[in-house]
Amino acid sequence: MDESQLLQIRRFNRAVTQRVGALEVDYLRRGRPLAEARLLFEIGDDGVDVRTLRSKLKLDSGYLSRLLQSLTTQGLIAVAKGAGDGRRRRVSLTRKGNAERAAYDRLSDQLAASMLAPLDASERGRLLTAMGEVERLIRAALVDVAAEAPDGADARRCLDAYFRELEARFENGFDAAADDSARVEDMTPPSGLFVIARLDGEAVGCGGFKRVDKATGEIKRVWTAPSARGMGVARRVLRTLEASALEAGLKTLRLDTNRALTEAHALYRSEGYREVARFSDNPYADHWFEKRL
């Protein structure tokens with residue numbers, strides 16, 4: 001990144017924070033700063049664990065505690081011990097808090113309308129399209145990919161969702177129980193690796209590789225949750241696996257895939273994989289790819 005790029009981002013941040021009133025102590029004229037108003041929105045109708053709030057909003061524990069104490073004093077929220085775990089706390093809106101959140105929703109709609117009103121139809125479309133792209137890219141930058149156990153709870157949830165999708169998309173279905181091409185032990189160091197992609201603490205993708213021989217590995221189970229598609233999650237997973245495979249001394253990575261997964265074919269080709277002759281007896285595979293690291 002050069003200095004001009006950094007300056008443009010800083011200029012954008014200043015313009016947005018000023019326009020939405022983020023700097024005001026009295027956000028939307030409701031008597032409290034934006035941080036407290038945002039918590040009312042995040043708590044929502046069903047309430048939320050304090051730990052989840054802290055993780056999602058990336059807030060310091062002490063600062064979050066002060067915000068929650070202020071909202072409690074105002075009679076807007078109630079904090080109680082979590083069911084089944086006294087160490088966890090759960091926060092919910094009171095009746096007054098729900099009414100206050102509804103007031104913020106109305107005022108937020110008015111603020112949004114004030115941004116669009118001066119613009120003609122074409123300009124509004126351009127602004128909304130640009131906002132959508134900015135939001136997508138900012139969220140993509142928040143995706144974190146790290147190695148985790150392939151038999152952990154989140155790993156199982158990702159893999160189960162992946163298998164259900166294969167069953168729905170493959171012409172002849174998919175039987176996960178009969179597919180032993182990537183067992184837990186295959187994707188556990190030193191035999192291989194499994195990674196999970198997380199966004200706001202939620203598992204939104206996964207992938208792994210297994211060692212075939214001293215110099216070769218095979219990519220397996222690359223998947224992205226529908227809610228996170230279009231943000232480059234699978235690409236991040238793939239590149240993380242490649243870097244780890246190279247560090248482990250592998251020289252070549254290969255993979256096989258079904259003809260129905262056309263988006264996967266495009267990803268692999270764009271990342272430098274070339275189609276090669278069949279190298280496995282996977283009954284679900286129609287295409288085989290390879291890449292020298």
# chains A, B, ... in the order shown; residues from 1 in each chain; ligands from 1

call {"tool": "select_by_dssp", "arguments": {"residues": "range 112-250 of chain A", "states": "strand (DSSP E or B)", "output": "PyMOL selection string"}}
result
chain A and resi 144-147+192-199+202-211+216-224

call {"tool": "write_last_selection", "arguments": {"atoms": "N, CA and C atoms", "output": "PDB file, in the first residue's frame"}}
result
ATOM      1  N   ASP A 144     -10.855 -14.166   9.108  1.00  0.00           N
ATOM      2  CA  ASP A 144      -9.634 -14.717   9.689  1.00  0.00           C
ATOM      3  C   ASP A 144      -9.589 -16.216   9.411  1.00  0.00           C
ATOM      4  N   VAL A 145      -8.474 -16.696   8.907  1.00  0.00           N
ATOM      5  CA  VAL A 145      -8.310 -18.117   8.589  1.00  0.00           C
ATOM      6  C   VAL A 145      -7.212 -18.690   9.470  1.00  0.00           C
ATOM      7  N   ALA A 146      -7.519 -19.745  10.202  1.00  0.00           N
ATOM      8  CA  ALA A 146      -6.539 -20.337  11.110  1.00  0.00           C
ATOM      9  C   ALA A 146      -6.740 -21.836  11.211  1.00  0.00           C
ATOM     10  N   ALA A 147      -5.672 -22.533  11.553  1.00  0.00           N
ATOM     11  CA  ALA A 147      -5.716 -23.983  11.710  1.00  0.00           C
ATOM     12  C   ALA A 147      -6.532 -24.363  12.940  1.00  0.00           C
ATOM     13  N   GLY A 192      -1.398 -33.692   7.779  1.00  0.00           N
ATOM     14  CA  GLY A 192      -2.080 -32.684   6.980  1.00  0.00           C
ATOM     15  C   GLY A 192      -2.484 -31.508   7.841  1.00  0.00           C
ATOM     16  N   LEU A 193      -3.466 -30.769   7.376  1.00  0.00           N
ATOM     17  CA  LEU A 193      -3.904 -29.571   8.097  1.00  0.00           C
ATOM     18  C   LEU A 193      -5.347 -29.270   7.743  1.00  0.00           C
ATOM     19  N   PHE A 194      -6.073 -28.710   8.703  1.00  0.00           N
ATOM     20  CA  PHE A 194      -7.443 -28.261   8.470  1.00  0.00           C
ATOM     21  C   PHE A 194      -7.557 -26.846   8.990  1.00  0.00           C
ATOM     22  N   VAL A 195      -8.211 -25.968   8.211  1.00  0.00           N
ATOM     23  CA  VAL A 195      -8.374 -24.577   8.626  1.00  0.00           C
ATOM     24  C   VAL A 195      -9.842 -24.196   8.587  1.00  0.00           C
ATOM     25  N   ILE A 196     -10.200 -23.226   9.410  1.00  0.00           N
ATOM     26  CA  ILE A 196     -11.541 -22.667   9.425  1.00  0.00           C
ATOM     27  C   ILE A 196     -11.446 -21.164   9.205  1.00  0.00           C
ATOM     28  N   ALA A 197     -12.316 -20.641   8.362  1.00  0.00           N
ATOM     29  CA  ALA A 197     -12.417 -19.197   8.145  1.00  0.00           C
ATOM     30  C   ALA A 197     -13.526 -18.656   9.028  1.00  0.00           C
ATOM     31  N   ARG A 198     -13.243 -17.576   9.733  1.00  0.00           N
ATOM     32  CA  ARG A 198     -14.227 -16.982  10.643  1.00  0.00           C
ATOM     33  C   ARG A 198     -14.461 -15.524  10.296  1.00  0.00           C
ATOM     34  N   LEU A 199     -15.719 -15.128  10.429  1.00  0.00           N
ATOM     35  CA  LEU A 199     -16.114 -13.732  10.255  1.00  0.00           C
ATOM     36  C   LEU A 199     -16.958 -13.353  11.460  1.00  0.00           C
ATOM     37  N   GLU A 202     -17.814 -16.193  13.724  1.00  0.00           N
ATOM     38  CA  GLU A 202     -18.617 -17.294  13.183  1.00  0.00           C
ATOM     39  C   GLU A 202     -17.849 -18.043  12.105  1.00  0.00           C
ATOM     40  N   ALA A 203     -17.897 -19.367  12.155  1.00  0.00           N
ATOM     41  CA  ALA A 203     -17.243 -20.179  11.137  1.00  0.00           C
ATOM     42  C   ALA A 203     -18.001 -20.068   9.817  1.00  0.00           C
ATOM     43  N   VAL A 204     -17.335 -19.555   8.769  1.00  0.00           N
ATOM     44  CA  VAL A 204     -18.000 -19.331   7.477  1.00  0.00           C
ATOM     45  C   VAL A 204     -17.302 -20.050   6.328  1.00  0.00           C
ATOM     46  N   GLY A 205     -16.337 -20.899   6.640  1.00  0.00           N
ATOM     47  CA  GLY A 205     -15.655 -21.608   5.573  1.00  0.00           C
ATOM     48  C   GLY A 205     -14.619 -22.549   6.151  1.00  0.00           C
ATOM     49  N   CYS A 206     -14.152 -23.457   5.318  1.00  0.00           N
ATOM     50  CA  CYS A 206     -13.157 -24.412   5.790  1.00  0.00           C
ATOM     51  C   CYS A 206     -12.406 -24.996   4.604  1.00  0.00           C
ATOM     52  N   GLY A 207     -11.408 -25.772   4.929  1.00  0.00           N
ATOM     53  CA  GLY A 207     -10.645 -26.485   3.913  1.00  0.00           C
ATOM     54  C   GLY A 207      -9.487 -27.199   4.565  1.00  0.00           C
ATOM     55  N   GLY A 208      -8.902 -28.146   3.856  1.00  0.00           N
ATOM     56  CA  GLY A 208      -7.784 -28.881   4.421  1.00  0.00           C
ATOM     57  C   GLY A 208      -6.897 -29.468   3.335  1.00  0.00           C
ATOM     58  N   PHE A 209      -5.784 -30.018   3.763  1.00  0.00           N
ATOM     59  CA  PHE A 209      -4.978 -30.806   2.839  1.00  0.00           C
ATOM     60  C   PHE A 209      -4.439 -32.017   3.586  1.00  0.00           C
ATOM     61  N   LYS A 210      -4.174 -33.068   2.839  1.00  0.00           N
ATOM     62  CA  LYS A 210      -3.548 -34.263   3.396  1.00  0.00           C
ATOM     63  C   LYS A 210      -2.275 -34.557   2.613  1.00  0.00           C
ATOM     64  N   ARG A 211      -1.304 -35.100   3.324  1.00  0.00           N
ATOM     65  CA  ARG A 211      -0.044 -35.448   2.683  1.00  0.00           C
ATOM     66  C   ARG A 211      -0.213 -36.779   1.945  1.00  0.00           C
ATOM     67  N   THR A 216       4.102 -34.317  -2.034  1.00  0.00           N
ATOM     68  CA  THR A 216       2.802 -34.033  -2.621  1.00  0.00           C
ATOM     69  C   THR A 216       1.702 -34.012  -1.565  1.00  0.00           C
ATOM     70  N   GLY A 217       0.796 -33.052  -1.715  1.00  0.00           N
ATOM     71  CA  GLY A 217      -0.371 -32.988  -0.852  1.00  0.00           C
ATOM     72  C   GLY A 217      -1.629 -32.874  -1.681  1.00  0.00           C
ATOM     73  N   GLU A 218      -2.767 -33.141  -1.065  1.00  0.00           N
ATOM     74  CA  GLU A 218      -4.042 -33.070  -1.780  1.00  0.00           C
ATOM     75  C   GLU A 218      -5.024 -32.172  -1.016  1.00  0.00           C
ATOM     76  N   ILE A 219      -5.561 -31.175  -1.709  1.00  0.00           N
ATOM     77  CA  ILE A 219      -6.531 -30.241  -1.137  1.00  0.00           C
ATOM     78  C   ILE A 219      -7.882 -30.937  -1.007  1.00  0.00           C
ATOM     79  N   LYS A 220      -8.530 -30.764   0.150  1.00  0.00           N
ATOM     80  CA  LYS A 220      -9.822 -31.390   0.395  1.00  0.00           C
ATOM     81  C   LYS A 220     -10.744 -30.425   1.137  1.00  0.00           C
ATOM     82  N   ARG A 221     -12.051 -30.610   0.931  1.00  0.00           N
ATOM     83  CA  ARG A 221     -13.112 -30.013   1.756  1.00  0.00           C
ATOM     84  C   ARG A 221     -13.118 -28.484   1.765  1.00  0.00           C
ATOM     85  N   VAL A 222     -12.800 -27.851   0.642  1.00  0.00           N
ATOM     86  CA  VAL A 222     -12.865 -26.382   0.588  1.00  0.00           C
ATOM     87  C   VAL A 222     -14.320 -25.960   0.409  1.00  0.00           C
ATOM     88  N   TRP A 223     -14.825 -25.169   1.342  1.00  0.00           N
ATOM     89  CA  TRP A 223     -16.241 -24.790   1.344  1.00  0.00           C
ATOM     90  C   TRP A 223     -16.409 -23.414   1.960  1.00  0.00           C
ATOM     91  N   THR A 224     -17.403 -22.674   1.446  1.00  0.00           N
ATOM     92  CA  THR A 224     -17.761 -21.367   1.992  1.00  0.00           C
ATOM     93  C   THR A 224     -19.251 -21.336   2.270  1.00  0.00           C
TER      94      THR A 224
END

call {"tool": "residues_around", "arguments": {"residues": "range 118-135 of chain A", "least_positions_apart": "6", "cutoff": "12 Å", "atoms": "only C-alpha atoms", "output": "list in words"}}
result
Ile9, Phe12, Asn13, Val16, Ala112, Ala141, Leu142, Gly230 and Met231 of chain A

call {"tool": "write_last_selection", "arguments": {"atoms": "all heavy atoms", "output": "tab-separated table (two decimals), in the first residue's frame"}}
result
chain	number	residue	atom	x	y	z
A	9	ILE	N	-8.23	6.22	2.26
A	9	ILE	CA	-9.03	5.52	3.27
A	9	ILE	C	-9.32	6.42	4.45
A	9	ILE	O	-10.45	6.46	4.96
A	9	ILE	CB	-8.30	4.24	3.72
A	9	ILE	CG1	-8.27	3.22	2.57
A	9	ILE	CG2	-8.98	3.63	4.95
A	9	ILE	CD1	-7.47	1.97	2.86
A	12	PHE	N	-11.95	8.92	3.50
A	12	PHE	CA	-13.26	8.27	3.45
A	12	PHE	C	-13.81	8.07	4.87
A	12	PHE	O	-14.99	8.34	5.14
A	12	PHE	CB	-13.13	6.92	2.74
A	12	PHE	CG	-14.39	6.10	2.74
A	12	PHE	CD1	-15.39	6.33	1.80
A	12	PHE	CD2	-14.59	5.09	3.66
A	12	PHE	CE1	-16.55	5.57	1.79
A	12	PHE	CE2	-15.73	4.33	3.67
A	12	PHE	CZ	-16.73	4.58	2.72
A	13	ASN	N	-12.96	7.59	5.77
A	13	ASN	CA	-13.41	7.38	7.15
A	13	ASN	C	-13.88	8.68	7.79
A	13	ASN	O	-14.89	8.70	8.51
A	13	ASN	CB	-12.27	6.78	7.98
A	13	ASN	CG	-11.96	5.35	7.61
A	13	ASN	OD1	-12.76	4.68	6.96
A	13	ASN	ND2	-10.79	4.86	7.99
A	16	VAL	N	-17.36	9.67	6.34
A	16	VAL	CA	-18.46	8.83	6.81
A	16	VAL	C	-18.79	9.11	8.26
A	16	VAL	O	-19.97	9.27	8.62
A	16	VAL	CB	-18.12	7.34	6.60
A	16	VAL	CG1	-19.16	6.45	7.28
A	16	VAL	CG2	-18.06	7.01	5.12
A	112	ALA	N	-30.88	8.18	6.70
A	112	ALA	CA	-30.59	7.56	5.41
A	112	ALA	C	-31.31	8.30	4.28
A	112	ALA	O	-30.74	8.53	3.20
A	112	ALA	CB	-31.00	6.10	5.43
A	141	ALA	N	-12.17	-8.24	4.47
A	141	ALA	CA	-10.90	-7.99	5.14
A	141	ALA	C	-10.92	-8.46	6.60
A	141	ALA	O	-9.87	-8.60	7.22
A	141	ALA	CB	-10.56	-6.51	5.08
A	142	LEU	N	-12.12	-8.68	7.14
A	142	LEU	CA	-12.24	-9.11	8.54
A	142	LEU	C	-12.21	-10.64	8.69
A	142	LEU	O	-12.19	-11.15	9.81
A	142	LEU	CB	-13.55	-8.59	9.13
A	142	LEU	CG	-13.66	-7.07	9.29
A	142	LEU	CD1	-15.06	-6.69	9.77
A	142	LEU	CD2	-12.61	-6.55	10.26
A	230	GLY	N	-18.76	-14.59	-2.22
A	230	GLY	CA	-18.50	-13.32	-2.88
A	230	GLY	C	-17.48	-12.47	-2.15
A	230	GLY	O	-17.18	-11.36	-2.58
A	231	MET	N	-16.93	-12.98	-1.04
A	231	MET	CA	-15.96	-12.21	-0.27
A	231	MET	C	-14.55	-12.82	-0.35
A	231	MET	O	-13.67	-12.43	0.39
A	231	MET	CB	-16.40	-12.12	1.19
A	231	MET	CG	-17.66	-11.30	1.39
A	231	MET	SD	-17.96	-10.86	3.12
A	231	MET	CE	-18.30	-12.47	3.81

call {"tool": "select_by_dssp", "arguments": {"residues": "range 119-222 of chain A", "states": "alpha helix (DSSP H)", "output": "PyMOL selection string"}}
result
chain A and resi 121-141+153-169

call {"tool": "write_last_selection", "arguments": {"atoms": "C-alpha atoms", "output": "short mmCIF file (atom, residue, chain, number, x, y, z; two decimals), in the first residue's frame"}}
result
data_model
loop_
_atom_site.label_atom_id
_atom_site.label_comp_id
_atom_site.auth_asym_id
_atom_site.auth_seq_id
_atom_site.Cartn_x
_atom_site.Cartn_y
_atom_site.Cartn_z
CA ALA A 121 -32.13 8.44 -9.37
CA SER A 122 -28.87 7.68 -11.17
CA GLU A 123 -26.75 9.09 -8.36
CA ARG A 124 -28.72 7.15 -5.76
CA GLY A 125 -28.10 3.93 -7.65
CA ARG A 126 -24.39 4.67 -7.87
CA LEU A 127 -24.19 5.48 -4.17
CA LEU A 128 -26.03 2.33 -3.09
CA THR A 129 -23.95 0.14 -5.40
CA ALA A 130 -20.75 1.68 -4.08
CA MET A 131 -21.90 1.22 -0.48
CA GLY A 132 -22.64 -2.44 -1.12
CA GLU A 133 -19.20 -2.99 -2.61
CA VAL A 134 -17.45 -1.14 0.21
CA GLU A 135 -19.34 -3.16 2.82
CA ARG A 136 -18.51 -6.43 1.08
CA LEU A 137 -14.79 -5.63 0.85
CA ILE A 138 -14.55 -4.36 4.42
CA ARG A 139 -16.18 -7.54 5.69
CA ALA A 140 -13.91 -9.62 3.48
CA ALA A 141 -10.90 -7.99 5.14
CA ALA A 153 -17.64 -28.65 16.81
CA ASP A 154 -17.33 -25.82 14.27
CA ALA A 155 -15.39 -28.03 11.88
CA ARG A 156 -18.14 -30.63 12.02
CA ARG A 157 -20.79 -27.98 11.37
CA CYS A 158 -18.88 -26.69 8.34
CA LEU A 159 -18.29 -30.18 6.96
CA ASP A 160 -21.88 -31.28 7.52
CA ALA A 161 -23.12 -28.21 5.62
CA TYR A 162 -20.59 -28.92 2.87
CA PHE A 163 -21.72 -32.53 2.54
CA ARG A 164 -25.39 -31.50 2.41
CA GLU A 165 -24.59 -29.12 -0.41
CA LEU A 166 -22.72 -31.80 -2.35
CA GLU A 167 -25.66 -34.15 -1.91
CA ALA A 168 -28.00 -31.52 -3.36
CA ARG A 169 -25.75 -30.46 -6.23
#

call {"tool": "closest_residue", "arguments": {"among": "A:Gln8, A:Gln69, A:Ser108, A:Thr252", "to": "Arg29 in chain A", "atoms": "only C-alpha atoms"}}
result
A:Ser108

call {"tool": "residues_around", "arguments": {"residues": "Thr52 in chain A", "least_positions_apart": "2", "cutoff": "12 Å", "atoms": "only C-alpha atoms", "output": "PDB file with N, CA, C and O atoms, in the first residue's frame"}}
result
ATOM      1  N   LEU A  39     -25.193  -0.649  20.683  1.00  0.00           N
ATOM      2  CA  LEU A  39     -25.423  -1.823  21.520  1.00  0.00           C
ATOM      3  C   LEU A  39     -26.897  -2.194  21.565  1.00  0.00           C
ATOM      4  O   LEU A  39     -27.249  -3.375  21.553  1.00  0.00           O
ATOM      5  N   GLU A  42     -27.519  -4.173  18.478  1.00  0.00           N
ATOM      6  CA  GLU A  42     -26.887  -5.488  18.457  1.00  0.00           C
ATOM      7  C   GLU A  42     -27.548  -6.462  19.433  1.00  0.00           C
ATOM      8  O   GLU A  42     -27.585  -7.667  19.189  1.00  0.00           O
ATOM      9  N   ILE A  43     -28.068  -5.960  20.547  1.00  0.00           N
ATOM     10  CA  ILE A  43     -28.738  -6.830  21.514  1.00  0.00           C
ATOM     11  C   ILE A  43     -29.986  -7.437  20.900  1.00  0.00           C
ATOM     12  O   ILE A  43     -30.276  -8.623  21.061  1.00  0.00           O
ATOM     13  N   GLY A  47     -31.947 -10.832  22.665  1.00  0.00           N
ATOM     14  CA  GLY A  47     -30.860 -10.730  23.621  1.00  0.00           C
ATOM     15  C   GLY A  47     -29.603 -11.401  23.090  1.00  0.00           C
ATOM     16  O   GLY A  47     -29.613 -12.059  22.043  1.00  0.00           O
ATOM     17  N   VAL A  48     -28.493 -11.263  23.821  1.00  0.00           N
ATOM     18  CA  VAL A  48     -27.227 -11.794  23.339  1.00  0.00           C
ATOM     19  C   VAL A  48     -26.272 -11.979  24.517  1.00  0.00           C
ATOM     20  O   VAL A  48     -26.371 -11.279  25.527  1.00  0.00           O
ATOM     21  N   ASP A  49     -25.339 -12.914  24.375  1.00  0.00           N
ATOM     22  CA  ASP A  49     -24.295 -13.089  25.388  1.00  0.00           C
ATOM     23  C   ASP A  49     -23.346 -11.896  25.342  1.00  0.00           C
ATOM     24  O   ASP A  49     -23.009 -11.389  24.262  1.00  0.00           O
ATOM     25  N   VAL A  50     -22.886 -11.484  26.517  1.00  0.00           N
ATOM     26  CA  VAL A  50     -21.926 -10.380  26.586  1.00  0.00           C
ATOM     27  C   VAL A  50     -20.651 -10.751  25.830  1.00  0.00           C
ATOM     28  O   VAL A  50     -20.059  -9.925  25.125  1.00  0.00           O
ATOM     29  N   ARG A  54     -18.860  -8.618  22.786  1.00  0.00           N
ATOM     30  CA  ARG A  54     -17.461  -8.185  22.845  1.00  0.00           C
ATOM     31  C   ARG A  54     -16.693  -8.671  21.630  1.00  0.00           C
ATOM     32  O   ARG A  54     -15.917  -7.920  21.022  1.00  0.00           O
ATOM     33  N   SER A  55     -16.917  -9.925  21.249  1.00  0.00           N
ATOM     34  CA  SER A  55     -16.206 -10.484  20.109  1.00  0.00           C
ATOM     35  C   SER A  55     -16.642  -9.836  18.800  1.00  0.00           C
ATOM     36  O   SER A  55     -15.805  -9.486  17.960  1.00  0.00           O
ATOM     37  N   LYS A  56     -17.934  -9.679  18.606  1.00  0.00           N
ATOM     38  CA  LYS A  56     -18.442  -9.144  17.346  1.00  0.00           C
ATOM     39  C   LYS A  56     -18.039  -7.703  17.125  1.00  0.00           C
ATOM     40  O   LYS A  56     -17.669  -7.308  16.010  1.00  0.00           O
ATOM     41  N   LEU A  57     -18.101  -6.892  18.178  1.00  0.00           N
ATOM     42  CA  LEU A  57     -17.812  -5.468  18.045  1.00  0.00           C
ATOM     43  C   LEU A  57     -16.362  -5.126  18.341  1.00  0.00           C
ATOM     44  O   LEU A  57     -15.974  -3.958  18.244  1.00  0.00           O
ATOM     45  N   LYS A  58     -15.564  -6.141  18.705  1.00  0.00           N
ATOM     46  CA  LYS A  58     -14.136  -5.943  18.991  1.00  0.00           C
ATOM     47  C   LYS A  58     -13.936  -4.876  20.064  1.00  0.00           C
ATOM     48  O   LYS A  58     -13.097  -3.979  19.921  1.00  0.00           O
ATOM     49  N   LEU A  59     -14.678  -4.990  21.164  1.00  0.00           N
ATOM     50  CA  LEU A  59     -14.622  -3.993  22.226  1.00  0.00           C
ATOM     51  C   LEU A  59     -13.797  -4.506  23.399  1.00  0.00           C
ATOM     52  O   LEU A  59     -13.848  -5.686  23.755  1.00  0.00           O
ATOM     53  N   SER A  61     -12.991  -5.248  27.157  1.00  0.00           N
ATOM     54  CA  SER A  61     -13.909  -5.711  28.196  1.00  0.00           C
ATOM     55  C   SER A  61     -14.332  -4.590  29.132  1.00  0.00           C
ATOM     56  O   SER A  61     -15.507  -4.456  29.494  1.00  0.00           O
ATOM     57  N   LEU A  64     -16.709  -2.119  27.294  1.00  0.00           N
ATOM     58  CA  LEU A  64     -18.034  -2.707  27.124  1.00  0.00           C
ATOM     59  C   LEU A  64     -18.780  -2.727  28.452  1.00  0.00           C
ATOM     60  O   LEU A  64     -19.990  -2.445  28.501  1.00  0.00           O
ATOM     61  N   ARG A  88     -21.155 -16.958  32.378  1.00  0.00           N
ATOM     62  CA  ARG A  88     -21.536 -16.169  31.199  1.00  0.00           C
ATOM     63  C   ARG A  88     -22.708 -15.269  31.546  1.00  0.00           C
ATOM     64  O   ARG A  88     -23.584 -15.642  32.332  1.00  0.00           O
ATOM     65  N   ARG A  89     -22.701 -14.088  30.962  1.00  0.00           N
ATOM     66  CA  ARG A  89     -23.779 -13.134  31.198  1.00  0.00           C
ATOM     67  C   ARG A  89     -24.534 -12.880  29.892  1.00  0.00           C
ATOM     68  O   ARG A  89     -23.932 -12.800  28.822  1.00  0.00           O
ATOM     69  N   ARG A  90     -25.820 -12.755  30.032  1.00  0.00           N
ATOM     70  CA  ARG A  90     -26.679 -12.495  28.882  1.00  0.00           C
ATOM     71  C   ARG A  90     -27.406 -11.177  29.086  1.00  0.00           C
ATOM     72  O   ARG A  90     -27.922 -10.900  30.164  1.00  0.00           O
ATOM     73  N   VAL A  91     -27.421 -10.364  28.055  1.00  0.00           N
ATOM     74  CA  VAL A  91     -28.043  -9.040  28.132  1.00  0.00           C
ATOM     75  C   VAL A  91     -29.261  -9.003  27.221  1.00  0.00           C
ATOM     76  O   VAL A  91     -29.256  -9.544  26.117  1.00  0.00           O
ATOM     77  N   ASP A 200     -16.525 -12.343  12.198  1.00  0.00           N
ATOM     78  CA  ASP A 200     -17.193 -11.949  13.447  1.00  0.00           C
ATOM     79  C   ASP A 200     -17.324 -13.132  14.401  1.00  0.00           C
ATOM     80  O   ASP A 200     -18.329 -13.293  15.091  1.00  0.00           O
ATOM     81  N   GLY A 201     -16.323 -13.988  14.405  1.00  0.00           N
ATOM     82  CA  GLY A 201     -16.312 -15.132  15.299  1.00  0.00           C
ATOM     83  C   GLY A 201     -17.073 -16.343  14.803  1.00  0.00           C
ATOM     84  O   GLY A 201     -16.983 -17.419  15.396  1.00  0.00           O
ATOM     85  N   GLU A 202     -17.814 -16.193  13.724  1.00  0.00           N
ATOM     86  CA  GLU A 202     -18.617 -17.294  13.183  1.00  0.00           C
ATOM     87  C   GLU A 202     -17.849 -18.043  12.105  1.00  0.00           C
ATOM     88  O   GLU A 202     -17.221 -17.437  11.228  1.00  0.00           O
TER      89      GLU A 202
END
